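File shown here: entry.txt, holding compact mmCIF, N, CA and C atoms.
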# COMPACT_ATOMS: atom_id res chain seq x y z
N MET S 152 -47.98 -21.64 12.69
CA MET S 152 -47.92 -21.31 14.10
C MET S 152 -48.33 -19.86 14.29
N SER S 153 -49.19 -19.66 15.22
CA SER S 153 -49.68 -18.29 15.45
C SER S 153 -48.62 -17.48 16.20
N PRO S 154 -48.70 -16.17 16.05
CA PRO S 154 -47.76 -15.31 16.79
C PRO S 154 -47.84 -15.55 18.30
N GLU S 155 -49.05 -15.75 18.81
CA GLU S 155 -49.21 -16.00 20.23
C GLU S 155 -48.51 -17.28 20.66
N TRP S 156 -48.65 -18.33 19.84
CA TRP S 156 -48.01 -19.60 20.14
C TRP S 156 -46.50 -19.46 20.13
N LEU S 157 -45.98 -18.77 19.14
CA LEU S 157 -44.53 -18.56 19.06
C LEU S 157 -44.01 -17.78 20.26
N THR S 158 -44.75 -16.77 20.68
CA THR S 158 -44.36 -15.97 21.83
C THR S 158 -44.35 -16.83 23.09
N ARG S 159 -45.39 -17.62 23.27
CA ARG S 159 -45.45 -18.50 24.44
C ARG S 159 -44.34 -19.53 24.41
N LEU S 160 -44.05 -20.07 23.22
CA LEU S 160 -42.96 -21.02 23.10
C LEU S 160 -41.64 -20.37 23.49
N SER S 161 -41.42 -19.18 23.00
CA SER S 161 -40.20 -18.45 23.33
C SER S 161 -40.07 -18.25 24.84
N GLU S 162 -41.15 -17.87 25.48
CA GLU S 162 -41.14 -17.67 26.94
C GLU S 162 -40.79 -18.96 27.67
N LYS S 163 -41.41 -20.05 27.27
CA LYS S 163 -41.15 -21.34 27.93
C LYS S 163 -39.72 -21.81 27.68
N VAL S 164 -39.20 -21.57 26.50
CA VAL S 164 -37.83 -21.95 26.18
C VAL S 164 -36.86 -21.13 27.03
N LEU S 165 -37.09 -19.83 27.14
CA LEU S 165 -36.22 -18.98 27.95
C LEU S 165 -36.24 -19.38 29.42
N GLU S 166 -37.35 -19.93 29.87
CA GLU S 166 -37.47 -20.42 31.24
C GLU S 166 -36.88 -21.83 31.38
N ALA S 167 -36.52 -22.45 30.27
CA ALA S 167 -36.08 -23.86 30.25
C ALA S 167 -37.15 -24.75 30.88
N ASN S 168 -38.40 -24.43 30.56
CA ASN S 168 -39.56 -25.13 31.11
C ASN S 168 -39.95 -26.26 30.16
N LYS S 169 -39.28 -27.39 30.32
CA LYS S 169 -39.50 -28.52 29.42
C LYS S 169 -40.96 -28.95 29.39
N GLU S 170 -41.58 -29.06 30.55
CA GLU S 170 -42.98 -29.48 30.61
C GLU S 170 -43.89 -28.48 29.89
N GLY S 171 -43.64 -27.19 30.09
CA GLY S 171 -44.44 -26.17 29.43
C GLY S 171 -44.27 -26.20 27.92
N ILE S 172 -43.05 -26.45 27.47
CA ILE S 172 -42.78 -26.55 26.03
C ILE S 172 -43.53 -27.75 25.45
N MET S 173 -43.45 -28.88 26.16
CA MET S 173 -44.12 -30.08 25.68
C MET S 173 -45.63 -29.87 25.60
N ASP S 174 -46.20 -29.15 26.57
CA ASP S 174 -47.63 -28.85 26.54
C ASP S 174 -47.98 -28.01 25.31
N LEU S 175 -47.14 -27.04 24.98
CA LEU S 175 -47.39 -26.21 23.79
C LEU S 175 -47.28 -27.04 22.52
N ILE S 176 -46.30 -27.92 22.46
CA ILE S 176 -46.12 -28.77 21.27
C ILE S 176 -47.37 -29.61 21.05
N LYS S 177 -47.95 -30.13 22.12
CA LYS S 177 -49.14 -30.97 22.02
C LYS S 177 -50.35 -30.21 21.47
N LYS S 178 -50.31 -28.89 21.53
CA LYS S 178 -51.44 -28.09 21.04
C LYS S 178 -51.42 -27.89 19.53
N ASN S 179 -50.39 -28.40 18.87
CA ASN S 179 -50.32 -28.31 17.41
C ASN S 179 -51.22 -29.37 16.79
N PRO S 180 -51.82 -29.06 15.66
CA PRO S 180 -52.66 -30.07 15.01
C PRO S 180 -51.82 -31.25 14.54
N PRO S 181 -52.42 -32.44 14.51
CA PRO S 181 -51.69 -33.63 14.07
C PRO S 181 -51.08 -33.49 12.68
N SER S 182 -51.63 -32.62 11.87
CA SER S 182 -51.08 -32.42 10.52
C SER S 182 -49.68 -31.82 10.56
N GLU S 183 -49.29 -31.27 11.68
CA GLU S 183 -47.95 -30.68 11.85
C GLU S 183 -46.97 -31.71 12.40
N VAL S 184 -47.07 -32.93 11.92
CA VAL S 184 -46.29 -34.05 12.45
C VAL S 184 -44.79 -33.78 12.41
N THR S 185 -44.28 -33.18 11.36
CA THR S 185 -42.85 -32.92 11.26
C THR S 185 -42.41 -31.91 12.31
N LEU S 186 -43.15 -30.84 12.45
CA LEU S 186 -42.84 -29.83 13.47
C LEU S 186 -42.87 -30.45 14.86
N ILE S 187 -43.90 -31.20 15.15
CA ILE S 187 -44.03 -31.85 16.46
C ILE S 187 -42.86 -32.78 16.73
N ARG S 188 -42.53 -33.60 15.76
CA ARG S 188 -41.43 -34.56 15.92
C ARG S 188 -40.10 -33.85 16.17
N GLU S 189 -39.80 -32.86 15.35
CA GLU S 189 -38.51 -32.17 15.46
C GLU S 189 -38.40 -31.37 16.77
N LEU S 190 -39.47 -30.72 17.17
CA LEU S 190 -39.44 -29.99 18.44
C LEU S 190 -39.28 -30.96 19.62
N ASN S 191 -39.96 -32.08 19.55
CA ASN S 191 -39.82 -33.09 20.61
C ASN S 191 -38.37 -33.55 20.73
N ILE S 192 -37.73 -33.78 19.61
CA ILE S 192 -36.32 -34.21 19.62
C ILE S 192 -35.46 -33.14 20.28
N LEU S 193 -35.65 -31.90 19.87
CA LEU S 193 -34.84 -30.81 20.43
C LEU S 193 -35.08 -30.63 21.93
N VAL S 194 -36.33 -30.71 22.34
CA VAL S 194 -36.65 -30.54 23.76
C VAL S 194 -36.05 -31.68 24.58
N ASN S 195 -36.19 -32.90 24.10
CA ASN S 195 -35.66 -34.05 24.84
C ASN S 195 -34.14 -34.04 24.94
N LYS S 196 -33.49 -33.33 24.03
CA LYS S 196 -32.03 -33.18 24.08
C LYS S 196 -31.63 -31.87 24.77
N PHE S 197 -32.62 -31.18 25.33
CA PHE S 197 -32.40 -29.89 26.00
C PHE S 197 -31.69 -28.88 25.08
N GLN S 198 -32.07 -28.87 23.82
CA GLN S 198 -31.50 -27.97 22.83
C GLN S 198 -32.34 -26.69 22.75
N PHE S 199 -32.51 -26.03 23.90
CA PHE S 199 -33.37 -24.85 23.96
C PHE S 199 -32.82 -23.69 23.13
N GLU S 200 -31.52 -23.54 23.12
CA GLU S 200 -30.93 -22.46 22.33
C GLU S 200 -31.18 -22.67 20.84
N THR S 201 -31.15 -23.90 20.41
CA THR S 201 -31.45 -24.21 19.00
C THR S 201 -32.88 -23.83 18.66
N ILE S 202 -33.80 -24.12 19.57
CA ILE S 202 -35.20 -23.75 19.34
C ILE S 202 -35.32 -22.23 19.22
N LEU S 203 -34.66 -21.52 20.12
CA LEU S 203 -34.69 -20.05 20.04
C LEU S 203 -34.12 -19.56 18.73
N ASP S 204 -33.02 -20.15 18.29
CA ASP S 204 -32.41 -19.76 17.01
C ASP S 204 -33.38 -19.96 15.85
N LEU S 205 -34.19 -20.99 15.93
CA LEU S 205 -35.15 -21.28 14.86
C LEU S 205 -36.35 -20.34 14.87
N ILE S 206 -36.81 -19.97 16.05
CA ILE S 206 -38.03 -19.15 16.11
C ILE S 206 -37.75 -17.65 16.16
N GLU S 207 -36.54 -17.27 16.50
CA GLU S 207 -36.21 -15.85 16.60
C GLU S 207 -36.52 -15.07 15.31
N PRO S 208 -36.13 -15.57 14.14
CA PRO S 208 -36.46 -14.82 12.91
C PRO S 208 -37.97 -14.67 12.71
N LEU S 209 -38.74 -15.67 13.11
CA LEU S 209 -40.20 -15.58 12.99
C LEU S 209 -40.75 -14.53 13.94
N LEU S 210 -40.24 -14.51 15.16
CA LEU S 210 -40.70 -13.51 16.13
C LEU S 210 -40.32 -12.10 15.69
N THR S 211 -39.13 -11.96 15.15
CA THR S 211 -38.68 -10.65 14.64
C THR S 211 -39.59 -10.17 13.53
N LYS S 212 -39.92 -11.07 12.62
CA LYS S 212 -40.79 -10.72 11.49
C LYS S 212 -42.18 -10.32 11.99
N ILE S 213 -42.70 -11.05 12.95
CA ILE S 213 -44.01 -10.74 13.51
C ILE S 213 -44.00 -9.38 14.16
N ASN S 214 -42.95 -9.09 14.91
CA ASN S 214 -42.87 -7.82 15.63
C ASN S 214 -42.67 -6.62 14.70
N GLN S 215 -42.22 -6.86 13.48
CA GLN S 215 -42.03 -5.77 12.51
C GLN S 215 -43.32 -5.39 11.83
N VAL S 216 -44.29 -6.26 11.87
CA VAL S 216 -45.56 -6.01 11.18
C VAL S 216 -46.43 -5.09 11.96
Output the file's structure as structure tokens, nothing else.
Amino acid sequence: MSPEWLTRLSEKVLEANKEGIMDLIKKNPPSEVTLIRELNILVNKFQFETILDLIEPLLTKINQV
């Protein structure tokens, strides 16, 4: 996942924008089937905080570089 994609995902999650999150998920290549499936499950259960918990360390690492 690119830094730009992670940042956009974070923004959509903070907005609780389910449709926007789903649009971002669809932009992943089909080879990322596990990521797509797991994110879809979390979004459909409105587990936005869980998504943030998962991507926050990645965003922190990106911002340190």
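For the set S:Ile172, S:Ile213, S:Val184, S:Ile206, the residue with the smallest atom-to-atom gap to S:Arg159 is S:Ile172, counting only N, CA and C atoms.
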Inset, instruction - Tell me, in Å to one decimal, how far atom CA of S:Pro208 is from atom CA of S:Glu170. - result: 23.9 Å
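Straight-line separation from atom CA of S:Glu200 to atom N of S:Glu183: 23.0 Å.
Minimum atom-to-atom distances from S:Ala167, S:Thr158, S:Thr211, S:Ser182 to S:Lys196 were compared using only C-alpha atoms, and the lowest value belongs to S:Ala167.
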Inset, instruction - Among the residues of chain S, find those DSSP assigns to alpha helix (DSSP H) from the backbone and print them as JSON, numbers by chain. - result: {"S": [154, 155, 156, 157, 158, 159, 160, 161, 162, 163, 164, 165, 169, 170, 171, 172, 173, 174, 175, 176, 177, 184, 185, 186, 187, 188, 189, 190, 191, 192, 193, 194, 195, 199, 200, 201, 202, 203, 204, 205, 206, 207, 208, 209, 210, 211, 212, 213, 214, 215]}
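The space between atom C of S:Asn195 and atom C of S:Lys169 spans 9.6 Å.
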Hey, could you pull the box centre and edge lengths for stretch 160-179 of chain S, axis-aligned, 3 Å padding per side, all listed atoms, to one decimal in Å, as lines of an AutoDock Vina configuration file?
center_x = -43.8
center_y = -24.3
center_z = 24.1
size_x = 21.4
size_y = 19.3
size_z = 20.6
Inset, instruction - For S:Ile202, please output as a PyMOL selection string all residues within 9 Å (counting only C-alpha atoms; exclusion window: fewer than 6 positions along the same chain). - result: chain S and resi 161+164+190+193-194
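If you measure from each of S:Phe199, S:Leu205, S:Lys178, S:Thr185 to S:Leu165 using all atoms listed in the file, the closest one turns out to be S:Phe199.
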